[in-house]
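J.: Dropping in query.cif, with mmCIF, C-alpha atoms.
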```cif
data_upload
#
loop_
_atom_site.label_atom_id
_atom_site.label_comp_id
_atom_site.auth_asym_id
_atom_site.auth_seq_id
_atom_site.Cartn_x
_atom_site.Cartn_y
_atom_site.Cartn_z
CA MET A 1 5.31 -21.36 24.90
CA THR A 2 4.06 -21.96 21.41
CA LEU A 3 3.80 -19.06 19.01
CA PRO A 4 1.67 -19.01 15.89
CA SER A 5 3.41 -17.26 13.02
CA GLU A 6 0.87 -14.43 13.11
CA LEU A 7 -1.52 -13.69 15.93
CA PRO A 8 -4.95 -12.37 14.99
CA LEU A 9 -5.89 -8.86 16.06
CA ILE A 10 -8.89 -8.21 18.31
CA THR A 11 -10.35 -4.94 17.04
CA SER A 12 -13.35 -4.29 19.30
CA LEU A 13 -14.34 -4.58 22.92
CA ASP A 14 -17.32 -6.68 21.84
CA GLU A 15 -15.00 -9.14 20.06
CA LEU A 16 -12.83 -9.48 23.16
CA THR A 17 -15.95 -9.89 25.30
CA ARG A 18 -17.14 -12.78 23.08
CA LEU A 19 -13.72 -14.43 23.46
CA VAL A 20 -13.89 -14.13 27.26
CA GLU A 21 -17.44 -15.53 27.27
CA SER A 22 -16.32 -18.53 25.23
CA GLY A 23 -13.24 -19.64 27.13
CA ARG A 24 -11.49 -20.14 30.45
CA ARG A 25 -7.98 -19.50 31.71
CA LEU A 26 -7.70 -16.36 29.59
CA TYR A 27 -5.31 -13.60 30.56
CA VAL A 28 -4.03 -10.33 29.21
CA ARG A 29 -0.34 -9.48 29.29
CA TRP A 30 1.18 -6.07 28.62
CA SER A 31 4.57 -6.59 26.98
CA ARG A 32 6.40 -6.38 23.68
CA GLY A 33 4.63 -9.61 22.76
CA PRO A 34 4.90 -13.37 22.74
CA ARG A 35 8.00 -13.34 20.52
CA THR A 36 9.85 -11.29 23.14
CA ASP A 37 8.47 -13.39 25.99
CA LEU A 38 9.16 -16.65 24.15
CA GLY A 39 11.57 -18.76 26.14
CA GLU A 40 11.47 -16.44 29.14
CA THR A 41 8.16 -17.66 30.62
CA ALA A 42 9.11 -15.65 33.69
CA SER A 43 8.76 -12.06 34.81
CA THR A 44 10.92 -10.13 37.23
CA ASP A 45 9.80 -8.13 40.25
CA ASP A 46 10.66 -4.56 39.28
CA LEU A 47 11.27 -3.51 42.89
CA THR A 48 13.67 -6.27 43.96
CA GLY A 49 14.84 -7.83 40.71
CA VAL A 50 13.72 -11.26 41.94
CA PRO A 51 12.80 -13.62 39.08
CA LEU A 52 9.23 -14.87 39.27
CA PRO A 53 8.19 -18.45 38.38
CA GLY A 54 5.95 -17.40 35.47
CA LEU A 55 4.78 -14.56 33.28
CA SER A 56 2.95 -11.78 35.08
CA VAL A 57 -0.57 -11.43 33.67
CA ASN A 58 -4.05 -10.17 34.51
CA ALA A 59 -7.00 -12.55 34.52
CA LEU A 60 -9.82 -11.98 32.05
CA ASP A 61 -12.07 -14.75 33.36
CA VAL A 62 -15.19 -13.36 35.01
CA GLU A 63 -15.31 -13.94 38.76
CA PRO A 64 -18.50 -15.48 40.23
CA TRP A 65 -19.10 -12.42 42.45
CA TRP A 66 -19.56 -10.33 39.28
CA SER A 67 -22.93 -12.12 39.05
CA SER A 68 -25.19 -10.98 36.20
CA ARG A 69 -23.37 -7.71 35.53
CA PRO A 70 -22.28 -7.14 31.92
CA VAL A 71 -19.25 -9.15 30.83
CA ARG A 72 -18.37 -6.26 28.51
CA LEU A 73 -17.90 -3.99 31.53
CA TRP A 74 -15.80 -6.65 33.28
CA VAL A 75 -13.50 -6.92 30.26
CA ALA A 76 -13.30 -3.14 29.91
CA ARG A 77 -12.23 -2.78 33.50
CA ARG A 78 -9.64 -5.56 33.25
CA LEU A 79 -8.02 -3.67 30.37
CA TYR A 80 -8.49 -0.23 31.88
CA ASP A 81 -6.99 -1.15 35.25
CA TYR A 82 -3.59 -1.80 33.67
CA CYS A 83 -3.58 0.51 30.66
CA HIS A 84 -0.87 2.61 32.33
CA LEU A 85 1.61 -0.19 31.57
CA ARG A 86 1.76 0.83 27.91
CA ARG A 87 3.45 4.04 29.07
CA SER A 88 5.40 2.89 32.12
CA LYS A 89 6.94 -0.16 30.43
CA GLY A 90 8.23 1.76 27.42
CA PRO A 91 7.92 1.71 23.64
CA GLY A 92 6.38 -1.30 21.95
CA VAL A 93 4.44 -2.50 25.00
CA ARG A 94 0.90 -3.48 24.15
CA PRO A 95 -1.71 -5.95 25.38
CA TRP A 96 -2.15 -9.49 24.08
CA VAL A 97 -4.45 -12.29 25.16
CA LEU A 98 -3.17 -15.70 26.14
CA ARG A 99 -4.23 -18.91 27.76
CA GLY A 100 -2.00 -20.31 30.48
CA ARG A 101 -1.65 -22.36 33.64
CA GLU A 102 -1.36 -20.43 36.90
CA VAL A 103 1.74 -21.36 38.89
CA GLY A 104 1.68 -18.68 41.57
CA ARG A 105 1.07 -15.06 42.44
CA GLY A 106 3.38 -12.09 41.98
CA PRO A 107 4.12 -9.31 44.46
CA ASP A 108 1.01 -7.37 43.36
CA ASN A 109 -1.06 -10.56 43.77
CA GLU A 110 -1.24 -10.90 39.98
CA PRO A 111 -1.37 -14.38 38.46
CA LEU A 112 1.88 -15.87 37.20
CA VAL A 113 1.43 -18.32 34.31
CA ARG A 114 3.41 -20.91 32.39
CA GLU A 115 2.45 -23.19 29.48
CA VAL A 116 1.41 -20.08 27.60
CA GLU A 117 -0.66 -20.23 24.43
CA PRO A 118 -0.79 -16.83 22.66
CA ILE A 119 -4.31 -16.09 21.37
CA ALA A 120 -4.41 -12.58 19.90
CA TRP A 121 -3.14 -9.02 20.02
CA VAL A 122 -5.49 -6.38 21.43
CA ASP A 123 -5.77 -3.34 19.17
CA ALA A 124 -5.40 0.17 20.62
CA ARG A 125 -9.03 0.83 19.60
CA VAL A 126 -10.14 -1.76 22.15
CA ILE A 127 -8.32 0.12 24.90
CA PHE A 128 -10.03 3.33 23.78
CA GLU A 129 -13.42 1.57 23.93
CA ALA A 130 -12.58 0.21 27.40
CA GLU A 131 -11.68 3.71 28.60
CA GLU A 132 -14.99 5.03 27.24
CA GLU A 133 -16.94 2.20 28.89
CA VAL A 134 -15.34 2.88 32.27
CA ALA A 135 -15.88 6.64 31.91
CA ARG A 136 -19.64 6.01 31.56
CA GLN A 137 -19.78 4.35 34.98
CA ARG A 138 -20.59 6.09 38.24
CA GLY A 139 -17.80 6.28 40.75
CA ASN A 140 -14.17 7.27 40.63
CA TRP A 141 -12.27 4.57 38.79
CA GLY A 142 -8.71 4.95 37.76
CA PRO A 143 -6.01 2.67 36.44
CA LEU A 144 -4.06 0.76 39.07
CA ASP A 145 -1.02 2.98 38.59
CA ARG A 146 1.12 3.10 41.70
CA THR A 147 3.66 5.28 39.90
CA ALA A 148 1.33 8.29 39.98
CA GLY A 149 1.76 8.98 43.68
CA SER A 150 4.22 6.65 45.34
CA GLY A 151 7.13 6.39 42.93
CA ALA A 152 6.92 2.58 42.93
CA GLU A 153 6.59 0.58 39.73
CA PRO A 154 4.15 -2.34 39.54
CA SER A 155 5.63 -5.76 38.78
CA ARG A 156 5.35 -6.97 35.23
#
```
Could you render the structure as structure tokens?

T.:
Amino acid sequence: MTLPSELPLITSLDELTRLVESGRRLYVRWSRGPRTDLGETASTDDLTGVPLPGLSVNALDVEPWWSSRPVRLWVARRLYDYCHLRRSKGPGVRPWVLRGREVGRGPDNEPLVREVEPIAWVDARVIFEAEEEVARQRGNWGPLDRTAGSGAEPSR
């Protein structure tokens, strides 16, 4: 994993949307950051303690089935679905964008990546905007937080 001395900060949902529209193999990771993850390039399954072959991430690339729907909504949902990790993983956990090579899937079917290139931090304001965007949608969306009802922690 290479780490620039200072990662830029993405400060709006529109800025993150433009980044997603301009690139491929982009992911978001909720952790204490690339410096902490540097050298690890592997996550651990929280349930079993089994080391995974890469870092657990969530894909930002738009899937073909999303069709002509707004990319901004796609990006908002990708952030919103995992925003509970900032609380469940403890102090200092925040999202950052990276590019990587998928090497497998984790126990929650999340991508596992290696050859990580950190791109940028995601500011808390972007998460707030994502939450607002999702709240404007019809339907009952909620973060993918298994801890709310089952007592199990998601892998990360």

J.: Would you write out, as a list in words, every residue that the PyMOL selection byres ((chain A and resi 71-75) around 7) captures in this file?

T.: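 Selection result, ordered by chain and number: Asp14, Thr17, Leu60, Val62, Arg69, Pro70, Ala76, Arg77, Arg78, Leu79 and Glu133 of chain A.
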
J.: Write out as number ranges by chain which residues come within 6 Å of stretch 48-58 of chain A when counting all atoms listed in the file, dropping same-chain ones fewer than 4 positions away.

T.: A: 27-29, 41-44, 111-114, 156

J.: How far is it from atom CA of A:Leu13 to atom CA of A:Val126, in Å with one decimal?

T.: 5.1 Å

J.: Take the PyMOL selection byres ((chain A and resi 94-100) around 7), apply it to the structure above, and return the hits as a compact mmCIF listing (two decimals) with C-alpha atoms, keeping the file's coordinate frame.

T.:
```
# COMPACT_ATOMS: atom_id res chain seq x y z
CA ARG A 25 -7.98 -19.50 31.71
CA LEU A 26 -7.70 -16.36 29.59
CA TYR A 27 -5.31 -13.60 30.56
CA VAL A 28 -4.03 -10.33 29.21
CA ARG A 29 -0.34 -9.48 29.29
CA TRP A 30 1.18 -6.07 28.62
CA SER A 31 4.57 -6.59 26.98
CA ARG A 32 6.40 -6.38 23.68
CA GLY A 33 4.63 -9.61 22.76
CA ARG A 86 1.76 0.83 27.91
CA GLY A 92 6.38 -1.30 21.95
CA VAL A 93 4.44 -2.50 25.00
CA ARG A 101 -1.65 -22.36 33.64
CA GLU A 102 -1.36 -20.43 36.90
CA VAL A 113 1.43 -18.32 34.31
CA ARG A 114 3.41 -20.91 32.39
CA GLU A 115 2.45 -23.19 29.48
CA VAL A 116 1.41 -20.08 27.60
CA GLU A 117 -0.66 -20.23 24.43
CA PRO A 118 -0.79 -16.83 22.66
CA ILE A 119 -4.31 -16.09 21.37
CA ALA A 120 -4.41 -12.58 19.90
CA TRP A 121 -3.14 -9.02 20.02
CA VAL A 122 -5.49 -6.38 21.43
```

J.: Just give me the gap between atom CA of A:Ser67 and atom CA of A:Glu110 in Å, one decimal is fine.

T.: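 So the two atoms, atom CA of A:Ser67 and atom CA of A:Glu110, lie 21.7 Å apart.
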
J.: For atom CA of A:Gly106 and atom CA of A:Glu132, determine how far apart the two atoms are, in Å to one decimal place.

T.: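 Spanning atom CA of A:Gly106 to atom CA of A:Glu132 is a straight-line distance of 29.1 Å.
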
J.: With all atoms listed in the file as the atoms that count, which of A:Glu131, A:Trp66, A:Gly90, A:Asp61 lies nearest to A:Glu21?

T.: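 Going through A:Glu131, A:Trp66, A:Gly90, A:Asp61 one by one, the smallest distance to A:Glu21 is for A:Asp61.
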
J.: Quick one: everything within 7 Å of stretch 123-125 of chain A, counting all atoms listed in the file, minus sequence neighbours fewer than 3 positions away in the same chain. Send it as JSON, numbers by chain.

T.: {"A": [9, 10, 11, 12, 128, 129]}

J.: Atoms are missing here; could stretch 116-128 of chain A be completed with N, CA and C atoms and written as a short mmCIF file (atom, residue, chain, number, x, y, z; two decimals), in the coordinates of the input?

T.:
```
data_model
loop_
_atom_site.label_atom_id
_atom_site.label_comp_id
_atom_site.auth_asym_id
_atom_site.auth_seq_id
_atom_site.Cartn_x
_atom_site.Cartn_y
_atom_site.Cartn_z
N VAL A 116 2.13 -21.18 28.23
CA VAL A 116 1.41 -20.08 27.60
C VAL A 116 1.06 -20.40 26.16
N GLU A 117 -0.19 -20.13 25.81
CA GLU A 117 -0.66 -20.23 24.43
C GLU A 117 -1.14 -18.84 23.99
N PRO A 118 -0.35 -18.15 23.15
CA PRO A 118 -0.79 -16.83 22.66
C PRO A 118 -2.07 -16.97 21.85
N ILE A 119 -3.02 -16.05 22.06
CA ILE A 119 -4.31 -16.09 21.37
C ILE A 119 -4.43 -14.95 20.36
N ALA A 120 -4.21 -13.71 20.80
CA ALA A 120 -4.41 -12.58 19.90
C ALA A 120 -3.82 -11.31 20.50
N TRP A 121 -3.48 -10.38 19.61
CA TRP A 121 -3.14 -9.02 20.02
C TRP A 121 -4.43 -8.27 20.31
N VAL A 122 -4.36 -7.25 21.16
CA VAL A 122 -5.49 -6.38 21.43
C VAL A 122 -5.16 -5.02 20.82
N ASP A 123 -5.98 -4.60 19.87
CA ASP A 123 -5.77 -3.34 19.17
C ASP A 123 -5.96 -2.15 20.11
N ALA A 124 -5.28 -1.06 19.82
CA ALA A 124 -5.40 0.17 20.62
C ALA A 124 -6.84 0.68 20.66
N ARG A 125 -7.62 0.42 19.61
CA ARG A 125 -9.03 0.83 19.60
C ARG A 125 -9.83 0.17 20.71
N VAL A 126 -9.45 -1.05 21.08
CA VAL A 126 -10.14 -1.76 22.15
C VAL A 126 -9.88 -1.07 23.49
N ILE A 127 -8.66 -0.60 23.67
CA ILE A 127 -8.32 0.12 24.90
C ILE A 127 -9.12 1.42 24.96
N PHE A 128 -9.23 2.11 23.84
CA PHE A 128 -10.03 3.33 23.78
C PHE A 128 -11.48 3.04 24.15
#
```
